[in-house]
Amino acid sequence: MKSIQIKRYGNSDVVEVNDTASVPTVSTGKILVNVKASGVNPSDWKIREGYFQQLIQLQFPSTLGMDFSGVVEQIGEVNGDAPVDFKQGDEVYGQASISSGGSGAFAELAMANKDSIAHKPKTLNHIEAAGLPLVGVSAWQALVENIGLSKDQKILIHGGAGGIGSIAIQLAKHLGAYVATTVSTNDKQFVQELGADQIIDYKKENFEDILQDYDAVFDTVGGETNKRSFRVLKKGSGIIVSMLEQPNSELMSQYGIKALFLFSQVNRQRLTKLALWVDQNNIKVNIDKTFPLDEASRALDYQKDAHPRGKVVLTV
């Protein structure tokens, strides 16, 4: 089978197409999936470049990729009993990353942990579904589980045109919140169509001069943007959840704000809730660009350099 692998850490020249990779052996608690599409995330090029060496110990050659959508090919035993929730031919989506016990999603066939996948949203095709697991679960964890966002609350979402931000805007609106977001000039119309109430061009305006008394901030940008965000929140009750920055205790006490770092954990329970929400509310997963599997190296560089609007996906 075909698989996208690296034998060492580095930039795009370490990415290789292996046409004769061996099909993963399906063990207890695992499911083999015929991959139709694989989502590309910023963490994929960071893994390629060795950013997470301390967290994820790769055995080279290593197949890249986390998110996928596909069809169940084979089901492993579960303590002697076959799982009843999936059967051969079922359309599923989720993660097959090495770090979650999988074999890597950038491949024609991928082995996934049964707890890292769920039935695919019926309203999405495989390309759209492949773009959803990490960004959808991240938005869900932040807004529903961590912030507890509710009707008429005000939230600022940084990076509203990105993969996570574009889902978070739609989720926040579904929850009945008033949504402000920061984007570049080119992305204003895109986030307006997603439902954003107030749009701030971060290249021309300072959001902290415009917004005040917000209940929550969801930060997918980090750096100085994260620090400046404390100024827009309600003292004593505001909360900021960041995908990139650890809580700053000095700013927390200065502004009386709760701050959290979000480590996304994609599991079947969250994927199932996400799929139900997507199907009920006609949620849009915006696909910025697709690449064939053979061009995974180009796709990773595009994800890194182009600031995609929504998602980049590999078609298998």
# chains A, B, ... in the order shown; residues from 1 in each chain; ligands from 1
>>> residues_around(residues="range 178-192 of chain A", least_positions_apart="6", cutoff="8 Å", atoms="only C-alpha atoms", output="NGL selection string")
:A and (152-161 or 166 or 169 or 172 or 198-203 or 207 or 309)
>>> write_last_selection(atoms="C-alpha atoms", output="mmCIF file, in the first residue's frame")
data_model
loop_
_atom_site.group_PDB
_atom_site.id
_atom_site.type_symbol
_atom_site.label_atom_id
_atom_site.label_comp_id
_atom_site.auth_asym_id
_atom_site.auth_seq_id
_atom_site.Cartn_x
_atom_site.Cartn_y
_atom_site.Cartn_z
ATOM 1 C CA ASP A 152 -26.401 35.912 25.044
ATOM 2 C CA GLN A 153 -22.833 35.618 26.340
ATOM 3 C CA LYS A 154 -20.119 37.440 24.397
ATOM 4 C CA ILE A 155 -17.079 35.605 23.065
ATOM 5 C CA LEU A 156 -14.024 36.745 21.116
ATOM 6 C CA ILE A 157 -12.576 34.059 18.817
ATOM 7 C CA HIS A 158 -9.064 34.749 17.548
ATOM 8 C CA GLY A 159 -8.183 33.400 14.105
ATOM 9 C CA GLY A 160 -11.795 32.996 13.024
ATOM 10 C CA ALA A 161 -10.935 32.030 9.436
ATOM 11 C CA SER A 166 -14.272 28.633 11.522
ATOM 12 C CA ILE A 169 -17.761 30.621 15.200
ATOM 13 C CA ALA A 172 -20.762 29.724 19.343
ATOM 14 C CA GLN A 198 -18.363 41.724 14.908
ATOM 15 C CA ILE A 199 -15.288 41.367 12.722
ATOM 16 C CA ILE A 200 -11.969 42.996 13.563
ATOM 17 C CA ASP A 201 -9.172 43.306 11.009
ATOM 18 C CA TYR A 202 -6.164 42.549 13.220
ATOM 19 C CA LYS A 203 -3.778 44.223 10.764
ATOM 20 C CA PHE A 207 -9.286 44.486 19.266
ATOM 21 C CA ARG A 309 -9.005 29.519 5.216
#
>>> closest_residue(among="A:Gly162, A:Gly223, A:Pro121, A:Pro308", to="Asn248 in chain A", atoms="only C-alpha atoms")
A:Gly223
>>> residues_around(residues="Ile31 in chain A", least_positions_apart="5", cutoff="6 Å", atoms="only C-alpha atoms", output="list in words")
Gln74, Ile75, Gly76, Met111, Ala112 and Lys114 of chain A
>>> write_last_selection(atoms="C-alpha atoms", output="compact mmCIF listing (two decimals), in the first residue's frame")
# COMPACT_ATOMS: atom_id res chain seq x y z
CA GLN A 74 -11.32 -5.01 9.27
CA ILE A 75 -12.13 -5.13 12.98
CA GLY A 76 -9.82 -6.46 15.67
CA MET A 111 -5.09 1.29 11.73
CA ALA A 112 -6.90 3.29 14.41
CA LYS A 114 -11.42 1.94 18.26
>>> closest_residue(among="A:Ser253, A:Gln269, A:Ser3, A:Thr225", to="Ser237 in chain A", atoms="only C-alpha atoms")
A:Ser253
>>> closest_residue(among="A:Ala21, A:Val217, A:Val72, A:Leu55", to="Ala139 in chain A", atoms="only C-alpha atoms")
A:Val217
>>> atom_distance(atom1="CA of Asn34 in chain A", atom2="CA of Val71 in chain A")
5.1 Å
>>> residues_around(residues="Ile98 in chain A", least_positions_apart="6", cutoff="8 Å", atoms="only C-alpha atoms", output="mmCIF file with N, CA and C atoms, in the first residue's frame")
data_model
loop_
_atom_site.group_PDB
_atom_site.id
_atom_site.type_symbol
_atom_site.label_atom_id
_atom_site.label_comp_id
_atom_site.auth_asym_id
_atom_site.auth_seq_id
_atom_site.Cartn_x
_atom_site.Cartn_y
_atom_site.Cartn_z
ATOM 1 N N LEU A 58 8.747 8.757 17.968
ATOM 2 C CA LEU A 58 8.521 8.089 16.685
ATOM 3 C C LEU A 58 9.556 6.990 16.459
ATOM 4 N N THR A 63 4.889 6.812 9.615
ATOM 5 C CA THR A 63 3.844 7.363 8.752
ATOM 6 C C THR A 63 3.218 8.572 9.432
ATOM 7 N N LEU A 64 3.115 9.670 8.685
ATOM 8 C CA LEU A 64 2.563 10.912 9.230
ATOM 9 C C LEU A 64 1.029 10.894 9.186
ATOM 10 N N MET A 66 -2.849 12.466 11.203
ATOM 11 C CA MET A 66 -3.728 12.208 12.339
ATOM 12 C C MET A 66 -5.173 11.983 11.875
ATOM 13 N N GLY A 104 -0.869 5.991 11.556
ATOM 14 C CA GLY A 104 -0.637 7.164 10.715
ATOM 15 C C GLY A 104 -1.696 7.261 9.627
#
>>> closest_residue(among="A:Val266, A:Ala130, A:Leu175, A:Ile239", to="Lys151 in chain A", atoms="only C-alpha atoms")
A:Leu175
>>> closest_residue(among="A:Glu108, A:Asp215, A:Glu73, A:Asp294", to="Lys234 in chain A", atoms="only C-alpha atoms")
A:Asp215
>>> select_by_dssp(residues="range 85-201 of chain A", states="strand (DSSP E or B)", output="count of residues only")
30
>>> atom_distance(atom1="CA of Val313 in chain A", atom2="CA of Gln246 in chain A")
29.0 Å
>>> closest_residue(among="A:Ala142, A:Leu300, A:Ala306, A:Leu233", to="Val40 in chain A", atoms="only C-alpha atoms")
A:Leu300
>>> closest_atom_pairs(of="range 79-121 of chain A", to="range 125-129 of chain A", cutoff="12 Å", atoms="only C-alpha atoms", output="tab-separated table")
residue	atom	partner	partner_atom	distance
A:Glu91	CA	A:His126	CA	8.6
A:Val92	CA	A:Ala129	CA	8.8
A:Tyr93	CA	A:Ala129	CA	6.6
A:Gly94	CA	A:Ala129	CA	8.6
A:Gln95	CA	A:Ala129	CA	11.3
A:Ile117	CA	A:Ala129	CA	11.7
A:Ala118	CA	A:Ala129	CA	11.1
A:His119	CA	A:Ala129	CA	10.3
A:Lys120	CA	A:Ala129	CA	6.7
A:Pro121	CA	A:Ala129	CA	7.0
>>> write_last_selection(atoms="N, CA and C atoms", output="PDB file, in the first residue's frame")
ATOM      1  N   GLU A  91     -18.962   3.848   7.348  1.00  0.00           N
ATOM      2  CA  GLU A  91     -18.193   5.079   7.115  1.00  0.00           C
ATOM      3  C   GLU A  91     -17.840   5.694   8.472  1.00  0.00           C
ATOM      4  N   VAL A  92     -16.558   5.907   8.686  1.00  0.00           N
ATOM      5  CA  VAL A  92     -16.092   6.420   9.983  1.00  0.00           C
ATOM      6  C   VAL A  92     -15.136   7.597   9.785  1.00  0.00           C
ATOM      7  N   TYR A  93     -14.912   8.343  10.859  1.00  0.00           N
ATOM      8  CA  TYR A  93     -13.917   9.420  10.839  1.00  0.00           C
ATOM      9  C   TYR A  93     -13.270   9.484  12.204  1.00  0.00           C
ATOM     10  N   GLY A  94     -12.122  10.134  12.280  1.00  0.00           N
ATOM     11  CA  GLY A  94     -11.431  10.209  13.570  1.00  0.00           C
ATOM     12  C   GLY A  94      -9.938  10.370  13.379  1.00  0.00           C
ATOM     13  N   GLN A  95      -9.179   9.739  14.274  1.00  0.00           N
ATOM     14  CA  GLN A  95      -7.721   9.882  14.226  1.00  0.00           C
ATOM     15  C   GLN A  95      -7.018   8.530  14.220  1.00  0.00           C
ATOM     16  N   ILE A 117     -12.234   6.762  16.969  1.00  0.00           N
ATOM     17  CA  ILE A 117     -13.052   6.959  15.770  1.00  0.00           C
ATOM     18  C   ILE A 117     -14.536   6.902  16.122  1.00  0.00           C
ATOM     19  N   ALA A 118     -15.361   7.404  15.202  1.00  0.00           N
ATOM     20  CA  ALA A 118     -16.815   7.365  15.362  1.00  0.00           C
ATOM     21  C   ALA A 118     -17.442   7.319  13.973  1.00  0.00           C
ATOM     22  N   HIS A 119     -18.749   7.088  13.928  1.00  0.00           N
ATOM     23  CA  HIS A 119     -19.451   7.118  12.640  1.00  0.00           C
ATOM     24  C   HIS A 119     -19.366   8.525  12.047  1.00  0.00           C
ATOM     25  N   LYS A 120     -19.079   8.593  10.766  1.00  0.00           N
ATOM     26  CA  LYS A 120     -18.909   9.864  10.042  1.00  0.00           C
ATOM     27  C   LYS A 120     -20.222  10.652  10.020  1.00  0.00           C
ATOM     28  N   PRO A 121     -20.141  11.989  10.132  1.00  0.00           N
ATOM     29  CA  PRO A 121     -21.366  12.780   9.929  1.00  0.00           C
ATOM     30  C   PRO A 121     -21.971  12.481   8.561  1.00  0.00           C
TER      31      PRO A 121
END
>>> residues_around(residues="Ala105 in chain A", least_positions_apart="6", cutoff="6 Å", atoms="only C-alpha atoms", output="PyMOL selection string")
chain A and resi 65-66+68+96
>>> write_last_selection(atoms="C-alpha atoms", output="tab-separated table (two decimals), in the first residue's frame")
chain	number	residue	atom	x	y	z
A	65	GLY	CA	-1.01	12.11	9.71
A	66	MET	CA	-3.73	12.21	12.34
A	68	PHE	CA	-8.99	10.83	8.42
A	96	ALA	CA	-5.12	7.27	13.38
